[in-house]
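First the structure, in the form of structure tokens, and then the observations on it.
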Amino acid sequence: MASRVASGLLRRRAGATLGLLRSYTRVRNYSSQLSALIPVGSQCSKLTRRRYYMPNASPYQLWSRSFASDNGDKFEAVVPFMGESVTDGTLATFLKKPGDRVEADEPIAQIETDKVTIDVASPESGVIEKFIASEGDTVTPGTKVAIISKSAQPAETHVAPSEEATPKESSPPRVEEKPKIEEKAPKVEPPKKEAPKPTTTPPKTSPSEPQLPPKERERRVPMPRLRKRIANRLKDSQNTFAMLTTFNEVDMTNLMKLRSDYKDEFVKKHGVKLGLMSCFVKAAVSALQNQPIVNAVIDGDDIIYRDYIDVSVAVGTSKGLVVPVIRDADGMNFADIEKGINNLAKKATDGALSIDDMAGGTFTISNGGVYGSLISTPIINPPQSAILGMHSIVQRPVVVDGNILARPMMYLALTYDHRLIDGREAVFFLRRIKDVVEDPRRLLLDI
């Protein structure tokens, strides 16, 4: 009896000791995880400035990383943080298929937002096990898109030699047929006469009723988010602004001669070609400085005057029109403007524009001349108050010092918000651009 009591006490003590060890292990693991999140020492006073301090961290920052399973073999690719003003997007397309091998940070899907297209990258190197979301789904930052496995093998597309030989081996052997001694002649049946099909006469239509094409020749596809955003902004602009357009024409002779004389030296020194856009941006900056009201905007019952000049440049892409911004254009020279335009145009073509590249802007320049447009009335880009439209350069007869000469001419169009800008200021603004483009020496002399 005493031995049984003693053995029971020993088992209880061993169980208590084991429980204490497990509790200690959990506390130690938790403390090590907590120490990775919270710095120690003198840095504890600056916890509120650390991104990894959990109470003040944004949930989007946590969602920008991958999530691993318990064994560390599988990872989840999630939608990254898309910007302060972007809350959701549409899963436009998958760049990979299940079973494909991907490397770390390699794009596997594209998210289309109201402004830009964002890539969903693979968190680790591995093989795509499956997709969780589907094309066309509306996703938010942190939404799981795919499962990446580090131990899975990529799918093979070729057929093994044993599999290729299987159909041949499985084909049934030929059986020699014995010659038939006697065959009966088939009975010939008289052909049956088919009853004549009733002819259906098409329904008679009145002469005034239009003949519409059949529905089978039409296609209905969902509108991309970028196109929806463009449509809504343009319609809102039309409904909000009292838009009026004034026109003028500019002689491009002197500017084209300046470009022809110095294009080689310009490329040699600055590493970028001298185009026409840089001169028009400089001319617009000069006109905005002479007419500050064009750089202002209405906000409720107030007028906001902006003491900086950010010029938006409209760029047409295969997915739609985007308007990246050249920041602080009033402090740039010709070379800086050309480099900025080339950089933004390349990013727009590659679909690499970010939200910051298109945020803001105080004035827009749209060059429809690159597509051959002769004249147009551009629409204001909110929240701006005016937009300049450039057009194609055409040789036209003009009177110069009493003589009729053929000159390279371009029509300019300025659309402005007539609630804020009067016709006088708009005409003076456009005339300033005309004077600077026709005689670029005015920029040097500031006259």
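Labeling convention for the structure tokens: chains A, B, ... as they appear, residues from 1 per chain, ligands from 1 in order of appearance.
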
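Near range 244-258 of chain A, within 8 Å and counting only C-alpha atoms, sit Tyr262, Leu276, Thr377, Ile393, Arg407, Pro408, Met409, Met410, Tyr411, Leu412, Ala413, Leu414, Thr415, Tyr416, Asp417, His418, Ala426, Val427, Leu430, Arg431, Lys434, Val437, Glu438, Asp439 and Pro440 of chain A, not including residues fewer than 4 positions from it in the same chain.
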
Please produce a file of the residues just selected, as a JSON list (two decimals), in the first residue's frame, where the atoms kept are N, CA, C and O atoms.
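The new file result21.json reads:
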[["chain", "number", "residue", "atom", "x", "y", "z"],
["A", 262, "TYR", "N", 20.75, 73.18, -82.17],
["A", 262, "TYR", "CA", 21.43, 72.78, -80.94],
["A", 262, "TYR", "C", 21.07, 71.37, -80.47],
["A", 262, "TYR", "O", 21.45, 70.98, -79.35],
["A", 276, "LEU", "N", 9.93, 69.38, -78.24],
["A", 276, "LEU", "CA", 9.10, 70.58, -78.22],
["A", 276, "LEU", "C", 8.37, 70.75, -76.89],
["A", 276, "LEU", "O", 8.03, 71.87, -76.50],
["A", 377, "THR", "N", -11.04, 70.59, -78.37],
["A", 377, "THR", "CA", -11.39, 71.33, -77.15],
["A", 377, "THR", "C", -11.15, 70.41, -75.95],
["A", 377, "THR", "O", -12.02, 69.60, -75.61],
["A", 393, "ILE", "N", 1.57, 70.06, -86.28],
["A", 393, "ILE", "CA", 2.24, 71.16, -87.00],
["A", 393, "ILE", "C", 2.00, 70.96, -88.49],
["A", 393, "ILE", "O", 2.34, 69.91, -89.05],
["A", 407, "ARG", "N", 4.56, 78.49, -93.63],
["A", 407, "ARG", "CA", 5.18, 78.38, -92.31],
["A", 407, "ARG", "C", 4.60, 77.19, -91.54],
["A", 407, "ARG", "O", 3.42, 76.86, -91.71],
["A", 408, "PRO", "N", 5.41, 76.56, -90.69],
["A", 408, "PRO", "CA", 4.88, 75.49, -89.83],
["A", 408, "PRO", "C", 4.02, 76.10, -88.71],
["A", 408, "PRO", "O", 4.54, 76.74, -87.79],
["A", 409, "MET", "N", 2.74, 75.85, -88.76],
["A", 409, "MET", "CA", 1.81, 76.46, -87.83],
["A", 409, "MET", "C", 1.15, 75.39, -86.95],
["A", 409, "MET", "O", 0.96, 74.25, -87.37],
["A", 410, "MET", "N", 0.81, 75.79, -85.73],
["A", 410, "MET", "CA", 0.12, 74.91, -84.79],
["A", 410, "MET", "C", -1.02, 75.68, -84.14],
["A", 410, "MET", "O", -0.84, 76.82, -83.72],
["A", 411, "TYR", "N", -2.18, 75.03, -84.03],
["A", 411, "TYR", "CA", -3.29, 75.60, -83.29],
["A", 411, "TYR", "C", -3.14, 75.25, -81.80],
["A", 411, "TYR", "O", -2.81, 74.12, -81.44],
["A", 412, "LEU", "N", -3.38, 76.25, -80.96],
["A", 412, "LEU", "CA", -3.39, 76.06, -79.51],
["A", 412, "LEU", "C", -4.80, 76.29, -78.99],
["A", 412, "LEU", "O", -5.50, 77.19, -79.46],
["A", 413, "ALA", "N", -5.19, 75.48, -78.01],
["A", 413, "ALA", "CA", -6.52, 75.60, -77.39],
["A", 413, "ALA", "C", -6.35, 75.64, -75.88],
["A", 413, "ALA", "O", -5.65, 74.80, -75.31],
["A", 414, "LEU", "N", -6.99, 76.60, -75.24],
["A", 414, "LEU", "CA", -6.98, 76.71, -73.78],
["A", 414, "LEU", "C", -8.42, 76.61, -73.28],
["A", 414, "LEU", "O", -9.24, 77.48, -73.55],
["A", 415, "THR", "N", -8.71, 75.53, -72.58],
["A", 415, "THR", "CA", -10.01, 75.37, -71.93],
["A", 415, "THR", "C", -9.86, 75.77, -70.47],
["A", 415, "THR", "O", -8.96, 75.28, -69.78],
["A", 416, "TYR", "N", -10.74, 76.62, -69.98],
["A", 416, "TYR", "CA", -10.61, 77.14, -68.62],
["A", 416, "TYR", "C", -11.97, 77.19, -67.94],
["A", 416, "TYR", "O", -13.03, 77.13, -68.58],
["A", 417, "ASP", "N", -11.93, 77.27, -66.61],
["A", 417, "ASP", "CA", -13.13, 77.36, -65.80],
["A", 417, "ASP", "C", -13.57, 78.82, -65.75],
["A", 417, "ASP", "O", -12.95, 79.65, -65.09],
["A", 418, "HIS", "N", -14.67, 79.10, -66.45],
["A", 418, "HIS", "CA", -15.12, 80.49, -66.56],
["A", 418, "HIS", "C", -15.69, 81.02, -65.25],
["A", 418, "HIS", "O", -15.90, 82.23, -65.10],
["A", 426, "ALA", "N", -7.67, 84.67, -69.68],
["A", 426, "ALA", "CA", -7.43, 83.49, -70.51],
["A", 426, "ALA", "C", -6.74, 83.85, -71.82],
["A", 426, "ALA", "O", -5.80, 83.17, -72.26],
["A", 427, "VAL", "N", -7.17, 84.94, -72.45],
["A", 427, "VAL", "CA", -6.55, 85.36, -73.71],
["A", 427, "VAL", "C", -5.12, 85.83, -73.47],
["A", 427, "VAL", "O", -4.20, 85.51, -74.23],
["A", 430, "LEU", "N", -2.89, 82.73, -73.03],
["A", 430, "LEU", "CA", -2.57, 82.04, -74.28],
["A", 430, "LEU", "C", -1.65, 82.88, -75.16],
["A", 430, "LEU", "O", -0.78, 82.33, -75.86],
["A", 431, "ARG", "N", -1.82, 84.19, -75.13],
["A", 431, "ARG", "CA", -0.93, 85.05, -75.89],
["A", 431, "ARG", "C", 0.50, 84.98, -75.36],
["A", 431, "ARG", "O", 1.46, 85.06, -76.13],
["A", 434, "LYS", "N", 2.05, 81.91, -76.79],
["A", 434, "LYS", "CA", 2.34, 82.14, -78.21],
["A", 434, "LYS", "C", 3.60, 82.98, -78.38],
["A", 434, "LYS", "O", 4.48, 82.65, -79.20],
["A", 437, "VAL", "N", 6.82, 80.88, -77.44],
["A", 437, "VAL", "CA", 7.14, 79.82, -78.40],
["A", 437, "VAL", "C", 7.65, 80.42, -79.70],
["A", 437, "VAL", "O", 8.59, 79.89, -80.31],
["A", 438, "GLU", "N", 7.05, 81.51, -80.14],
["A", 438, "GLU", "CA", 7.51, 82.12, -81.40],
["A", 438, "GLU", "C", 8.85, 82.81, -81.26],
["A", 438, "GLU", "O", 9.59, 82.92, -82.24],
["A", 439, "ASP", "N", 9.22, 83.24, -80.04],
["A", 439, "ASP", "CA", 10.53, 83.88, -79.81],
["A", 439, "ASP", "C", 11.06, 83.40, -78.46],
["A", 439, "ASP", "O", 10.85, 84.04, -77.43],
["A", 440, "PRO", "N", 11.74, 82.24, -78.43],
["A", 440, "PRO", "CA", 12.23, 81.69, -77.16],
["A", 440, "PRO", "C", 13.22, 82.59, -76.43],
["A", 440, "PRO", "O", 13.48, 82.37, -75.25]]

Next on the checklist: At a cut-off of 9 Å, using only C-alpha atoms, what residues contact range 141-156 of chain A? Leave out same-chain residues fewer than 4 positions from it and give the result as JSON, numbers by chain.
Outcome noted: {"A": [59, 60, 62, 63, 64, 65, 72, 73, 74, 75, 76, 77, 78, 79, 80, 81, 82, 87, 88, 89, 98, 99, 100, 101, 102, 108, 109, 120, 122, 123, 124, 125, 126, 127, 128, 129, 130, 131, 132, 133, 134]}

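Straight-line separation from CA of Phe280 in chain A to CA of Ser385 in chain A: 18.1 Å.
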
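Atom to atom, CA of Asn333 in chain A and CA of Lys263 in chain A stand 15.2 Å apart.
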
Next on the checklist: Quick check for you: according to DSSP on this backbone, which residues of range 234-315 of chain A are classed as alpha helix (DSSP H)? Reply as a VMD selection string.
Outcome noted: chain A and resid 234 to 240 253 to 270 277 to 290

Next on the checklist: At a cut-off of 12 Å, using only C-alpha atoms, what residues contact Asp301 in chain A? Leave out same-chain residues fewer than 3 positions from it and give the result as a list in words.
Outcome noted: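 Counting only the stated atoms, we get Val297, Ile298, Ile304, Arg419 and Leu420 of chain A.
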
For the residues in the current selection, export N, CA, C and O atoms as a compact mmCIF listing (two decimals), in the first residue's frame.
# COMPACT_ATOMS: atom_id res chain seq x y z
N VAL A 297 -7.63 77.50 -57.92
CA VAL A 297 -8.76 76.58 -58.03
C VAL A 297 -9.83 77.00 -57.03
O VAL A 297 -9.52 77.56 -55.97
N ILE A 298 -11.08 76.73 -57.37
CA ILE A 298 -12.20 77.01 -56.47
C ILE A 298 -12.39 75.83 -55.53
O ILE A 298 -12.42 74.67 -55.95
N ILE A 304 -8.29 78.98 -53.84
CA ILE A 304 -6.97 78.56 -53.36
C ILE A 304 -5.94 78.97 -54.40
O ILE A 304 -5.95 78.48 -55.54
N ARG A 419 -15.96 80.15 -64.29
CA ARG A 419 -16.40 80.63 -62.98
C ARG A 419 -15.29 81.39 -62.28
O ARG A 419 -15.56 82.31 -61.49
N LEU A 420 -14.04 81.03 -62.55
CA LEU A 420 -12.89 81.61 -61.87
C LEU A 420 -12.08 82.52 -62.77
O LEU A 420 -11.59 83.57 -62.33

Next on the checklist: Between A:Leu444, A:Ala284, A:Ile365, A:Leu226, which residue has the minimum interatomic distance to Arg432 in chain A, considering only C-alpha atoms?
Outcome noted: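 Answer, going by the shortest atom-to-atom distance: A:Ala284.
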
Item to check | Distance query Asn295 in chain A at most 12 Å, only C-alpha atoms, self and fewer than 6 positions along chain excluded, as a PyMOL selection string | outcome: chain A and resi 284-289+303-311+361-364+383-387+416-417+420-421+425-426+429

For the residues selected in the previous step, produce a file with C-alpha atoms as a JSON list (two decimals), in the first residue's frame.
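What follows is the written file part.json:
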[["chain", "number", "residue", "atom", "x", "y", "z"],
["A", 284, "ALA", "CA", 3.25, 77.55, -69.61],
["A", 285, "VAL", "CA", 5.27, 78.24, -66.46],
["A", 286, "SER", "CA", 5.93, 81.79, -67.62],
["A", 287, "ALA", "CA", 2.24, 82.31, -68.44],
["A", 288, "LEU", "CA", 1.15, 80.89, -65.06],
["A", 289, "GLN", "CA", 3.50, 83.28, -63.29],
["A", 303, "ILE", "CA", -10.24, 80.41, -53.97],
["A", 304, "ILE", "CA", -6.97, 78.56, -53.36],
["A", 305, "TYR", "CA", -3.93, 80.29, -54.86],
["A", 306, "ARG", "CA", -1.04, 77.86, -55.27],
["A", 307, "ASP", "CA", 2.48, 79.29, -55.08],
["A", 308, "TYR", "CA", 3.99, 76.24, -56.77],
["A", 309, "ILE", "CA", 3.66, 74.97, -60.32],
["A", 310, "ASP", "CA", 3.18, 71.23, -60.95],
["A", 311, "VAL", "CA", 2.53, 70.56, -64.63],
["A", 361, "GLY", "CA", -0.93, 68.91, -60.50],
["A", 362, "THR", "CA", -1.96, 72.53, -61.00],
["A", 363, "PHE", "CA", -2.07, 72.75, -64.82],
["A", 364, "THR", "CA", -2.27, 70.18, -67.63],
["A", 383, "PRO", "CA", -9.06, 69.74, -59.41],
["A", 384, "GLN", "CA", -7.37, 72.13, -61.85],
["A", 385, "SER", "CA", -8.84, 75.16, -63.56],
["A", 386, "ALA", "CA", -7.35, 75.06, -67.07],
["A", 387, "ILE", "CA", -5.76, 72.79, -69.66],
["A", 416, "TYR", "CA", -10.61, 77.14, -68.62],
["A", 417, "ASP", "CA", -13.13, 77.36, -65.80],
["A", 420, "LEU", "CA", -12.89, 81.61, -61.87],
["A", 421, "ILE", "CA", -11.06, 82.85, -64.96],
["A", 425, "GLU", "CA", -6.97, 86.56, -68.32],
["A", 426, "ALA", "CA", -7.43, 83.49, -70.51],
["A", 429, "PHE", "CA", -2.40, 83.62, -70.83]]

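Of the residues listed (A:Asn290, A:Thr90, A:Gln395, A:Asn342), A:Asn342 shows the shortest atom-to-atom separation from Lys273 in chain A; distances use only C-alpha atoms.
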
Next on the checklist: Using only C-alpha atoms for the distances, tell me which of A:Arg219, A:Lys339, A:Lys235, A:Arg327 is nearest to Met277 in chain A.
Outcome noted: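 The closest residue to Met277 in chain A is A:Lys339.
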